[in-house]
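Chemist: I am sharing my_file_6.txt, which consists of compact mmCIF, C-alpha atoms:
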# COMPACT_ATOMS: atom_id res chain seq x y z
CA MET A 11 38.10 76.09 107.80
CA ILE A 12 36.04 79.21 107.16
CA ILE A 13 38.04 79.92 103.98
CA LYS A 14 36.64 77.23 101.70
CA ASN A 15 39.39 77.40 99.05
CA PHE A 16 42.28 77.70 101.55
CA LYS A 17 44.31 74.84 100.03
CA GLU A 18 43.89 76.08 96.45
CA LEU A 19 45.06 79.58 97.41
CA ALA A 20 47.95 78.50 99.68
CA THR A 21 50.40 77.86 96.83
CA ASN A 22 53.48 78.77 98.89
CA ARG A 23 54.54 79.31 102.51
CA GLU A 24 53.88 83.07 102.43
CA LYS A 25 50.32 82.69 101.15
CA LYS A 26 49.63 79.85 103.57
CA ASP A 27 50.75 81.98 106.51
CA THR A 28 48.72 84.98 105.29
CA LEU A 29 45.58 82.88 104.93
CA GLY A 30 46.17 81.34 108.37
CA ILE A 31 46.31 84.79 109.90
CA ILE A 32 43.11 85.81 108.08
CA GLU A 33 41.42 82.59 109.22
CA ALA A 34 42.25 83.44 112.85
CA GLY A 35 40.51 86.81 112.41
CA LEU A 36 37.43 85.25 110.84
CA ASN A 37 37.14 82.71 113.67
CA ALA A 38 37.37 85.50 116.24
CA ALA A 39 34.44 87.25 114.53
CA LEU A 40 32.06 84.39 115.30
CA PRO A 41 29.70 85.34 118.17
CA GLY A 42 29.70 82.05 120.09
CA ASP A 43 32.63 82.54 122.47
CA THR A 44 31.68 86.16 123.15
CA LEU A 45 28.10 85.31 124.09
CA ARG A 46 29.14 82.38 126.27
CA LYS A 47 31.01 84.87 128.46
CA ILE A 48 27.87 87.01 128.81
CA VAL A 49 24.84 84.69 128.88
CA LYS A 50 24.54 82.48 131.96
CA ARG A 51 21.61 80.22 132.88
CA ASP A 52 19.51 82.88 134.63
CA LYS A 53 21.40 86.12 134.05
CA LEU A 54 23.40 88.29 131.67
CA VAL A 55 26.81 89.47 132.87
CA ILE A 56 28.15 92.42 130.85
CA GLY A 57 31.27 93.86 132.41
CA LYS A 58 30.27 94.92 135.93
CA LYS A 59 26.57 94.91 135.04
CA THR A 60 24.37 91.89 135.90
CA ILE A 61 20.84 91.53 134.52
CA LEU A 62 18.72 88.90 136.28
CA LEU A 63 16.59 87.03 133.76
CA SER A 64 14.95 85.09 136.59
CA LYS A 65 12.96 88.25 137.52
CA HIS A 66 10.94 88.03 134.31
CA ASP A 67 8.12 85.69 133.33
CA ARG A 68 9.15 85.28 129.71
CA ILE A 69 12.32 86.02 127.74
CA PHE A 70 12.13 86.88 124.04
CA VAL A 71 14.81 87.47 121.41
CA VAL A 72 14.56 89.97 118.55
CA GLY A 73 17.56 89.74 116.24
CA PHE A 74 18.42 91.43 112.97
CA GLY A 75 21.64 91.62 111.01
CA LYS A 76 24.08 89.23 109.40
CA ALA A 77 24.89 87.62 112.76
CA ALA A 78 21.31 87.46 114.06
CA ASP A 79 20.72 83.75 113.57
CA SER A 80 24.09 82.62 114.94
CA MET A 81 23.71 84.91 117.95
CA ALA A 82 20.19 83.64 118.63
CA LYS A 83 21.28 80.01 118.25
CA THR A 84 23.99 80.48 120.89
CA ILE A 85 21.71 82.27 123.34
CA CYS A 86 19.05 79.56 123.04
CA SER A 87 21.67 77.01 124.07
CA LEU A 88 22.62 79.01 127.18
CA THR A 89 19.36 80.20 128.76
CA ARG A 90 15.56 79.85 128.56
CA ILE A 91 14.05 81.63 125.58
CA ASN A 92 10.28 81.67 125.02
CA GLY A 93 10.36 82.78 121.41
CA GLY A 94 11.41 85.50 119.04
CA ILE A 95 12.01 86.90 115.58
CA VAL A 96 15.23 86.81 113.56
CA VAL A 97 15.88 88.71 110.31
CA ILE A 98 18.81 87.76 108.07
CA PRO A 99 19.77 88.52 104.44
CA CYS A 100 18.02 86.85 101.51
CA GLY A 101 20.03 83.95 100.14
CA THR A 102 21.37 83.03 103.57
CA LYS A 103 20.37 79.71 105.07
CA SER A 104 19.63 80.17 108.76
CA VAL A 105 21.78 78.25 111.25
CA LEU A 106 18.94 78.66 113.78
CA ILE A 107 16.43 75.81 113.64
CA ASN A 108 13.92 76.48 116.39
CA LYS A 109 10.12 76.35 116.21
CA LYS A 110 9.86 79.13 118.79
CA PHE A 111 11.31 81.59 116.27
CA LYS A 112 10.02 83.25 113.12
CA ILE A 113 12.83 83.55 110.60
CA HIS A 114 12.57 86.35 108.03
CA HIS A 115 14.82 86.89 105.01
CA ALA A 116 15.12 90.45 103.74
CA GLY A 117 17.08 92.65 101.32
CA HIS A 118 20.72 93.66 101.70
CA PRO A 119 22.35 96.09 100.97
CA ILE A 120 19.21 97.55 99.38
CA PRO A 121 15.93 97.16 101.34
CA ASN A 122 13.04 95.31 99.68
CA LYS A 123 9.42 94.39 100.39
CA GLN A 124 10.59 91.67 102.76
CA SER A 125 12.53 94.32 104.72
CA VAL A 126 9.32 96.28 105.21
CA HIS A 127 7.40 93.12 106.14
CA ALA A 128 10.08 92.19 108.69
CA GLY A 129 9.99 95.69 110.17
CA LYS A 130 6.20 95.56 110.55
CA GLN A 131 6.36 92.09 112.11
CA ILE A 132 8.87 93.21 114.74
CA VAL A 133 6.89 96.35 115.59
CA GLU A 134 3.75 94.22 116.04
CA PHE A 135 5.67 91.65 118.09
CA LEU A 136 6.95 94.33 120.46
CA LYS A 137 3.47 95.83 120.88
CA ASN A 138 2.18 92.47 122.16
CA ARG A 139 4.71 92.12 124.96
CA LYS A 140 3.59 92.26 128.60
CA GLN A 141 5.24 94.33 131.32
CA SER A 142 6.64 91.18 132.95
CA ASP A 143 8.41 90.10 129.74
CA PHE A 144 12.04 90.80 128.86
CA ILE A 145 13.49 91.32 125.38
CA ILE A 146 17.06 90.64 124.29
CA PHE A 147 17.78 92.54 121.07
CA LEU A 148 20.61 91.01 119.02
CA ILE A 149 21.92 93.62 116.59
CA SER A 150 24.64 93.29 113.97
CA GLY A 151 25.76 94.84 110.71
CA GLY A 152 23.29 94.78 107.85
CA GLY A 153 20.34 95.67 110.06
CA SER A 154 19.81 99.02 108.34
CA SER A 155 18.55 97.44 105.13
CA LEU A 156 17.09 94.25 106.64
CA LEU A 157 14.57 96.31 108.65
CA SER A 158 12.94 99.10 106.70
CA LEU A 159 9.87 101.15 107.54
CA PRO A 160 10.08 104.29 105.40
CA ASP A 161 8.49 107.41 106.89
CA GLY A 162 6.96 109.94 104.51
CA ILE A 163 8.52 108.30 101.46
CA SER A 164 7.87 105.15 99.43
CA LEU A 165 9.98 101.99 99.53
CA LEU A 166 11.08 102.72 95.96
CA ASP A 167 12.32 106.16 96.98
CA LYS A 168 14.14 104.61 99.94
CA LYS A 169 15.81 102.10 97.61
CA ILE A 170 16.89 104.84 95.20
CA THR A 171 18.28 106.91 98.08
CA THR A 172 20.19 103.96 99.56
CA SER A 173 21.68 103.00 96.21
CA LEU A 174 22.85 106.56 95.50
CA LEU A 175 24.46 106.85 98.93
CA LEU A 176 26.24 103.49 98.66
CA LYS A 177 27.81 104.45 95.32
CA SER A 178 28.71 108.01 96.33
CA GLY A 179 31.72 107.22 98.52
CA ALA A 180 29.89 108.36 101.67
CA ASN A 181 30.95 106.55 104.84
CA ILE A 182 28.56 104.43 106.90
CA GLN A 183 27.99 107.18 109.46
CA GLU A 184 26.84 109.55 106.73
CA ILE A 185 24.69 106.92 105.01
CA ASN A 186 23.00 106.00 108.28
CA CYS A 187 22.38 109.63 109.22
CA VAL A 188 20.23 109.99 106.11
CA ARG A 189 18.54 106.62 106.61
CA LYS A 190 17.62 107.40 110.23
CA HIS A 191 15.76 110.54 109.15
CA LEU A 192 13.69 108.65 106.59
CA SER A 193 12.56 105.87 108.93
CA LYS A 194 9.87 105.02 111.49
CA ILE A 195 12.15 102.65 113.43
CA LYS A 196 15.78 103.78 113.10
CA GLY A 197 17.64 106.16 115.38
CA GLY A 198 16.06 104.81 118.58
CA LYS A 199 12.45 104.77 117.39
CA LEU A 200 12.05 100.97 117.59
CA ALA A 201 12.54 100.97 121.37
CA GLU A 202 10.73 104.25 122.05
CA ASN A 203 7.38 102.75 123.07
CA LEU A 204 8.43 99.48 124.70
CA SER A 205 6.17 98.36 127.55
CA CYS A 206 8.71 95.94 129.07
CA ASP A 207 12.38 95.89 130.04
CA ALA A 208 14.94 95.11 127.36
CA VAL A 209 18.64 95.13 126.51
CA SER A 210 20.53 95.29 123.21
CA LEU A 211 23.65 93.20 122.58
CA VAL A 212 25.44 94.69 119.61
CA MET A 213 28.20 93.48 117.30
CA SER A 214 29.89 96.48 115.71
CA ASP A 215 30.41 96.79 111.96
CA VAL A 216 31.38 100.48 112.00
CA VAL A 217 34.71 102.21 112.49
CA GLY A 218 34.77 103.77 115.97
CA ASP A 219 32.10 101.35 117.26
CA ASP A 220 29.60 104.17 117.87
CA LEU A 221 26.30 102.61 118.92
CA SER A 222 24.38 105.38 117.16
CA ASP A 223 25.73 104.14 113.82
CA ILE A 224 25.46 100.35 114.06
CA ALA A 225 22.44 99.12 112.03
CA SER A 226 21.20 102.74 112.17
CA ALA A 227 20.66 102.45 115.96
CA PRO A 228 17.03 101.27 116.15
CA THR A 229 17.24 100.72 119.94
CA TYR A 230 19.77 103.42 120.87
CA PHE A 231 19.46 107.13 120.07
CA ASP A 232 20.57 109.56 117.40
CA ASP A 233 22.63 112.71 117.84
CA THR A 234 22.35 113.78 114.19
CA THR A 235 19.67 116.03 112.71
CA PHE A 236 17.63 116.57 109.55
CA LYS A 237 20.01 119.42 108.75
CA ASP A 238 22.98 117.02 108.96
CA ALA A 239 21.27 114.64 106.55
CA ASP A 240 20.63 117.48 104.11
CA LYS A 241 24.28 118.56 104.27
CA ILE A 242 25.43 115.02 103.43
CA LEU A 243 23.33 114.98 100.25
CA THR A 244 24.83 118.34 99.31
CA LYS A 245 28.40 117.18 100.10
CA TYR A 246 28.18 114.28 97.64
CA GLY A 247 26.22 116.14 94.98
CA LEU A 248 23.20 113.87 95.35
CA LYS A 249 20.36 116.38 95.68
CA LYS A 250 19.74 116.63 91.95
CA HIS A 251 19.30 112.85 91.80
CA MET A 252 17.20 112.45 94.95
CA PRO A 253 13.46 111.66 94.85
CA HIS A 254 11.36 114.73 95.61
CA SER A 255 9.73 113.02 98.60
CA VAL A 256 13.14 112.64 100.30
CA LEU A 257 14.06 116.30 99.89
CA LYS A 258 10.57 117.31 101.06
CA ARG A 259 10.82 115.19 104.21
CA LEU A 260 14.25 116.57 105.13
CA ASP A 261 12.97 120.11 104.57
CA LEU A 262 9.98 119.46 106.88
CA GLY A 263 12.38 118.26 109.55
CA ILE A 264 14.74 121.20 109.16
CA HIS A 265 11.77 123.57 109.70
CA ASN A 266 10.57 121.62 112.78
CA LYS A 267 7.33 120.49 111.13
CA ILE A 268 8.07 116.83 111.96
CA SER A 269 9.82 115.53 115.05
CA GLU A 270 13.52 114.75 115.30
CA THR A 271 14.93 111.31 116.10
CA PRO A 272 15.16 110.44 119.85
CA LYS A 273 18.09 112.09 121.62
CA SER A 274 18.28 109.68 124.56
CA SER A 275 18.09 105.90 124.86
CA LYS A 276 15.20 104.13 126.56
CA ILE A 277 17.11 100.86 127.07
CA LYS A 278 20.73 99.85 127.67
CA ASN A 279 22.80 99.01 124.59
CA TYR A 280 26.12 97.16 124.90
CA THR A 281 28.79 96.64 122.26
CA ILE A 282 29.92 93.03 122.81
CA ALA A 283 32.25 92.47 119.83
CA THR A 284 34.34 94.68 117.54
CA ASN A 285 36.87 94.47 114.72
CA ASN A 286 39.62 94.72 117.34
CA ASP A 287 38.72 91.22 118.54
CA CYS A 288 39.61 89.93 115.07
CA LEU A 289 42.84 91.92 114.87
CA ASP A 290 44.02 90.76 118.30
CA ALA A 291 43.54 87.12 117.27
CA MET A 292 45.41 87.77 114.01
CA VAL A 293 48.34 89.39 115.84
CA GLU A 294 48.59 86.37 118.13
CA ARG A 295 48.56 83.96 115.18
CA ALA A 296 51.17 85.97 113.23
CA ARG A 297 53.54 85.98 116.21
CA GLN A 298 53.08 82.23 116.61
CA LEU A 299 54.22 81.91 112.98
CA GLY A 300 57.36 83.93 113.76
CA TYR A 301 56.53 87.30 112.21
CA ALA A 302 57.36 90.76 113.51
CA VAL A 303 53.92 92.38 113.62
CA SER A 304 52.69 95.92 113.16
CA ILE A 305 49.01 96.83 113.24
CA MET A 306 46.65 99.48 111.86
CA ARG A 307 43.21 99.68 113.45
CA SER A 308 40.09 101.58 112.37
CA VAL A 309 41.11 101.84 108.73
CA SER A 310 38.67 104.09 106.87
CA GLY A 311 38.43 106.58 104.01
CA ASN A 312 38.83 106.34 100.25
CA ILE A 313 40.61 103.19 99.08
CA SER A 314 43.24 105.06 97.08
CA LEU A 315 44.38 106.93 100.19
CA VAL A 316 44.00 103.88 102.46
CA SER A 317 46.21 101.76 100.19
CA LYS A 318 48.96 104.43 100.28
CA ASN A 319 48.81 104.67 104.07
CA LEU A 320 48.93 100.90 104.56
CA LEU A 321 51.96 100.51 102.30
CA LYS A 322 53.67 103.42 104.02
CA SER A 323 53.11 101.74 107.39
CA PHE A 324 54.41 98.34 106.26
CA PRO A 325 58.10 97.95 107.26
CA MET A 326 58.70 95.40 104.47
CA LYS A 327 61.51 93.77 106.46
CA LYS A 328 62.31 90.06 106.57
CA HIS A 329 59.61 88.03 108.38
CA SER A 330 57.32 91.03 108.90
CA CYS A 331 53.62 91.59 108.48
CA LEU A 332 51.12 94.40 108.83
CA ILE A 333 47.69 93.44 110.12
CA PHE A 334 44.86 95.88 109.49
CA GLY A 335 41.12 96.18 109.91
CA GLY A 336 38.27 98.58 109.40
CA GLU A 337 36.09 99.58 106.47
CA PRO A 338 37.37 101.77 103.62
CA THR A 339 34.99 103.26 101.06
CA VAL A 340 34.74 102.94 97.30
CA LYS A 341 33.37 105.57 94.97
CA VAL A 342 31.73 103.53 92.20
CA ILE A 343 32.40 105.14 88.82
CA GLY A 344 32.48 102.01 86.66
CA ASN A 345 30.02 99.22 85.98
CA GLY A 346 32.28 96.29 86.85
CA LYS A 347 32.09 93.62 89.50
CA GLY A 348 33.94 93.81 92.81
CA GLY A 349 33.96 95.09 96.37
CA ARG A 350 36.04 97.23 98.69
CA ASN A 351 38.31 94.35 99.80
CA GLN A 352 39.14 93.23 96.27
CA GLU A 353 39.62 96.82 95.16
CA LEU A 354 41.89 97.58 98.14
CA VAL A 355 44.14 94.58 97.37
CA LEU A 356 44.29 95.58 93.70
CA SER A 357 45.05 99.21 94.55
CA MET A 358 47.95 98.14 96.80
CA LEU A 359 49.25 95.73 94.16
CA ASP A 360 49.24 98.57 91.63
CA LYS A 361 51.33 100.76 93.93
CA ILE A 362 53.83 98.06 94.98
CA GLN A 363 54.70 96.56 91.60
CA ASN A 364 58.14 98.15 91.30
CA ASN A 365 59.26 96.78 94.68
CA ARG A 366 61.81 93.98 94.50
CA LYS A 367 60.49 92.11 97.54
CA ASN A 368 57.74 89.55 97.24
CA VAL A 369 54.79 90.83 99.26
CA VAL A 370 51.54 88.97 99.86
CA ILE A 371 48.47 91.22 100.06
CA ALA A 372 45.09 90.01 101.34
CA SER A 373 41.86 91.55 102.57
CA CYS A 374 38.39 90.15 103.16
CA GLY A 375 35.04 90.92 104.78
CA THR A 376 34.23 89.04 107.97
CA ASP A 377 30.65 88.66 106.70
CA GLY A 378 31.77 86.64 103.68
CA LYS A 379 30.39 88.95 101.01
CA ASP A 380 32.38 91.68 99.28
CA GLY A 381 30.44 94.25 97.26
CA ASN A 382 28.32 92.87 94.44
CA THR A 383 30.10 89.50 94.40
CA ASP A 384 29.82 86.11 96.11
CA VAL A 385 33.39 86.21 97.46
CA SER A 386 34.72 87.68 100.69
CA GLY A 387 37.89 89.25 99.32
CA ALA A 388 41.18 88.56 97.55
CA ILE A 389 44.81 87.51 98.00
CA ILE A 390 47.75 88.03 95.64
CA GLU A 391 51.53 88.06 95.67
CA SER A 392 53.39 90.96 94.07
CA SER A 393 55.03 89.93 90.83
CA LYS A 394 58.45 90.82 89.44
CA ASN A 395 56.76 91.04 86.04
CA ARG A 396 54.78 94.29 85.87
CA LEU A 397 51.08 93.75 85.21
CA THR A 398 49.93 96.42 82.77
CA ASP A 399 46.18 95.85 82.94
CA ILE A 400 45.58 96.80 86.60
CA HIS A 401 44.59 100.40 85.94
CA ASN A 402 41.74 99.46 83.58
CA PHE A 403 40.30 97.03 86.15
CA LEU A 404 40.46 99.70 88.86
CA LYS A 405 38.98 102.36 86.59
CA ASN A 406 35.91 100.21 85.95
CA ASN A 407 35.57 98.93 89.57
CA ASN A 408 36.16 95.49 88.09
CA SER A 409 38.52 93.94 90.63
CA TYR A 410 36.58 90.66 90.77
CA TYR A 411 37.49 89.70 87.20
CA PHE A 412 41.14 90.63 87.76
CA PHE A 413 41.38 88.22 90.69
CA LYS A 414 39.34 85.59 88.90
CA LYS A 415 41.91 85.78 86.09
CA HIS A 416 44.84 85.56 88.54
CA LYS A 417 43.22 82.96 90.83
CA GLY A 418 43.14 85.15 93.94
CA LEU A 419 39.47 85.16 95.01
CA ILE A 420 38.78 84.18 98.64
CA PHE A 421 35.57 82.17 99.17
CA THR A 422 33.95 81.72 102.58
CA GLY A 423 30.23 81.91 101.85
CA PRO A 424 27.99 83.63 104.43
CA THR A 425 29.78 83.53 107.81
CA HIS A 426 26.75 84.55 109.93
CA THR A 427 28.75 87.32 111.54
CA ASN A 428 29.94 90.83 110.66
CA LEU A 429 32.81 92.75 112.26
CA MET A 430 33.96 94.75 109.22
CA ASP A 431 37.05 93.82 107.18
CA VAL A 432 40.44 92.30 108.01
CA GLY A 433 43.65 92.25 106.01
CA VAL A 434 47.35 91.38 105.91
CA LEU A 435 50.52 92.57 104.19
CA LEU A 436 53.30 89.97 104.62
CA THR A 437 56.82 89.20 103.47
CA ARG A 438 59.29 86.46 104.47
CA GLN A 439 62.24 87.51 102.22
Can you turn what I pasted into structure tokens?
Modeler:
Amino acid sequence: MIIKNFKELATNREKKDTLGIIEAGLNAALPGDTLRKIVKRDKLVIGKKTILLSKHDRIFVVGFGKAADSMAKTICSLTRINGGIVVIPCGTKSVLINKKFKIHHAGHPIPNKQSVHAGKQIVEFLKNRKQSDFIIFLISGGGSSLLSLPDGISLLDKKITTSLLLKSGANIQEINCVRKHLSKIKGGKLAENLSCDAVSLVMSDVVGDDLSDIASAPTYFDDTTFKDADKILTKYGLKKHMPHSVLKRLDLGIHNKISETPKSSKIKNYTIATNNDCLDAMVERARQLGYAVSIMRSVSGNISLVSKNLLKSFPMKKHSCLIFGGEPTVKVIGNGKGGRNQELVLSMLDKIQNNRKNVVIASCGTDGKDGNTDVSGAIIESSKNRLTDIHNFLKNNNSYYFFKKHKGLIFTGPTHTNLMDVGVLLTRQ
């Protein structure tokens, strides 16, 4: 079981079924089965494209993101790998034990000194490759902060900028647009000067699965501009809080005094797994359990609006469930503890309290970490007794302590994968 406290949470049939559906989604997020379809002994088969590894003298892996170690471990079991570098979040124990690899731990969601060190190490590693070598990049969510080489600004200023953006309610596309224009490696720059052939295998953690947004696209390209980045800071009222060096760099770019991010890709990038893989597995499991299933994909936007839309889309009929996935956003205005999954469940509970039917609500991150907590999400059943304290918990972004009080926290620990969030609304009555 990926959900470590499954039995404790499954206090009735409805909750057990909901957790079983969530578990199916979490299992589908693991990279093993996906990579086994792609990586053969001497070749990579991606759709109709075949890449012959046998043509190259040496094969190296460069992985970064929450799934980097699990992806690398699988690939090493399927083909010859001569060495590589893997970067995963601090506090995560690597599942890859291989002397051919250097394992780096770095900051997430805010970059740190280890993020800069990891970025430098990868740049140096790529410089030392020969023309006859081949590199397999393994990219997954979290890569934006795990690799950090600030350009024209200090690490401290990058940290301040990232923190402000994460709390502003900006979506990941907007956050990454700014990050790409403050970096020496993002937006395609990491692959710009490669001397050997390479390919990127990418697990998507962004709504829409746009390769230019995943991990800030270090090996792809960027179709945004310095002007776009500047507009995002204006949109969220962040300019007055931004370090001067950040505003100066964006201004230099707007006036063409420093070069834009690459507008074409030097190597092929392939999206190999998405949130839809999780949702499809959840739909299958829900139907096996006898539920009439509806589905909402690519859920995004402010949690208050998302919760309304999800409830509106839920038929609330006997033996029915709504399965959803994506990545909503939270504007942090309080100083509490929580994350977008816990806050989404709490927001829906707040709106559904007057309903006579018993509805189970659950949502969790496939990466196992929700916001500034050590849990992946939350599950709760709507109560006939109105809970009067919900609003205060929401107002202070303090959903974690609400669910701790009501015994609804979902624990998985680090899952070594990341395909956004998955959730369920379910009723059997």
Chemist: Quick one, how far is CA of Lys140 in chain A from CA of Phe70 in chain A?
Modeler: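 Pair CA of Lys140 in chain A / CA of Phe70 in chain A returns 11.1 Å.
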Chemist: Which distance in Å separates CA of Ile31 in chain A and CA of Thr284 in chain A, to one decimal?
Modeler: 17.3 Å
Chemist: Excluding range 166-172 of chain A and residues on its chain fewer than 5 positions from it, collect all residues at most 9 Å away from it, counting only C-alpha atoms, and give them as a PyMOL selection string.
Modeler: chain A and resi 119-122+155+158+160+177+185+188-189+192+248+251-256
Chemist: Go through A:Asn286, A:Ser214, A:Asn92, A:Gln363 and flag the residue nearest Ile145 in chain A, using all atoms listed in the file for the distances.
Modeler: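 Under the stated criterion, the closest residue is A:Asn92.
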Chemist: I'd like to know which of A:Leu156, A:Lys112, A:Glu270, A:Lys328 is closest to Ser125 in chain A, using only C-alpha atoms.
Modeler: A:Leu156
Chemist: Considering all atoms listed in the file, state which residue in the set A:Thr234, A:Asn279, A:Thr244, A:Ser173 is at the smallest distance from Ala201 in chain A.
Modeler: A:Asn279
Chemist: At a cut-off of 10 Å, using all atoms listed in the file, what residues contact Asp207 in chain A? Leave out same-chain residues fewer than 5 positions from it and give the result as a count of residues only.
Modeler: 12
Chemist: Under the rule that all atoms listed in the file are counted, which of A:Lys327, A:Ile333, A:Thr339, A:Ile242 is the nearest residue to Glu294 in chain A?
Modeler: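 The closest residue to Glu294 in chain A is A:Ile333.
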Chemist: Between A:Ile182, A:Ile390, A:Leu397, A:Ala283, which has the minimum distance to Leu419 in chain A (counting all atoms listed in the file)?
Modeler: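 Using all atoms listed in the file, Leu419 in chain A sits closest to A:Ile390.
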Chemist: Using all atoms listed in the file for the distances, tell me which of A:Cys331, A:Val342, A:Leu174, A:Cys374 is nearest to Glu24 in chain A.
Modeler: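 Between A:Cys331, A:Val342, A:Leu174, A:Cys374, the residue approaching Glu24 in chain A most closely is A:Cys331.
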Chemist: Name the residues in contact with range 42-54 of chain A at a cut-off of 7 Å, using all atoms listed in the file, excluding same-chain residues fewer than 2 positions from it; report them as an MDAnalysis selection string.
Modeler: chainID A and resid 40 56 60:64 81 84:85 88:89
Chemist: What is the distance, in Å and to one decimal place, between CA of Ser357 in chain A and CA of Ser304 in chain A?
Modeler: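 Between CA of Ser357 in chain A and CA of Ser304 in chain A the gap works out to 20.4 Å.
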Chemist: Compile a residue-level contact table for range 113-229 of chain A against range 73-76 of chain A at a cut-off of 6 Å, reporting for every qualifying residue the shortest atom pair and its distance in Å to one decimal, with only C-alpha atoms counted, rows ordered by chain and ascending number, as a tab-separated table.
Modeler:
residue	atom	partner	partner_atom	distance
A:Phe147	CA	A:Gly73	CA	5.6
A:Leu148	CA	A:Gly73	CA	4.3
A:Ile149	CA	A:Phe74	CA	5.5
A:Ser150	CA	A:Gly75	CA	4.5
A:Gly151	CA	A:Gly75	CA	5.2
A:Gly152	CA	A:Gly75	CA	4.8
A:Gly153	CA	A:Gly75	CA	4.4
Chemist: Any idea what's packed within 12 Å of Thr422 in chain A, counting only C-alpha atoms, ignoring anything in its chain fewer than 6 positions away? Could you give it as a PDB file with C-alpha atoms, keeping the file's coordinate frame?
Modeler:
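Contents of out_3.pdb, freshly written:
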ATOM      1  CA  MET A  11      38.100  76.090 107.800  1.00  0.00           C
ATOM      2  CA  ILE A  12      36.040  79.210 107.160  1.00  0.00           C
ATOM      3  CA  ILE A  13      38.040  79.920 103.980  1.00  0.00           C
ATOM      4  CA  LYS A  14      36.640  77.230 101.700  1.00  0.00           C
ATOM      5  CA  ASN A  15      39.390  77.400  99.050  1.00  0.00           C
ATOM      6  CA  PHE A  16      42.280  77.700 101.550  1.00  0.00           C
ATOM      7  CA  LEU A  29      45.580  82.880 104.930  1.00  0.00           C
ATOM      8  CA  ILE A  32      43.110  85.810 108.080  1.00  0.00           C
ATOM      9  CA  GLU A  33      41.420  82.590 109.220  1.00  0.00           C
ATOM     10  CA  LEU A  36      37.430  85.250 110.840  1.00  0.00           C
ATOM     11  CA  ASN A  37      37.140  82.710 113.670  1.00  0.00           C
ATOM     12  CA  CYS A 374      38.390  90.150 103.160  1.00  0.00           C
ATOM     13  CA  GLY A 375      35.040  90.920 104.780  1.00  0.00           C
ATOM     14  CA  THR A 376      34.230  89.040 107.970  1.00  0.00           C
ATOM     15  CA  ASP A 377      30.650  88.660 106.700  1.00  0.00           C
ATOM     16  CA  GLY A 378      31.770  86.640 103.680  1.00  0.00           C
ATOM     17  CA  LYS A 379      30.390  88.950 101.010  1.00  0.00           C
ATOM     18  CA  ASP A 380      32.380  91.680  99.280  1.00  0.00           C
ATOM     19  CA  THR A 383      30.100  89.500  94.400  1.00  0.00           C
ATOM     20  CA  ASP A 384      29.820  86.110  96.110  1.00  0.00           C
ATOM     21  CA  VAL A 385      33.390  86.210  97.460  1.00  0.00           C
ATOM     22  CA  SER A 386      34.720  87.680 100.690  1.00  0.00           C
ATOM     23  CA  GLY A 387      37.890  89.250  99.320  1.00  0.00           C
ATOM     24  CA  ALA A 388      41.180  88.560  97.550  1.00  0.00           C
TER      25      ALA A 388
END
Chemist: Considering only C-alpha atoms, return as a list of chain:residue names whatever protein or nucleic-acid residues lie within 9 Å of Asp233 in chain A, sequence-local ones (same chain, fewer than 6 positions apart) excluded.
Modeler: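 In the requested form, the answer reads A:Gly197, A:Ser222, A:Thr271, A:Pro272, A:Lys273, A:Ser274.
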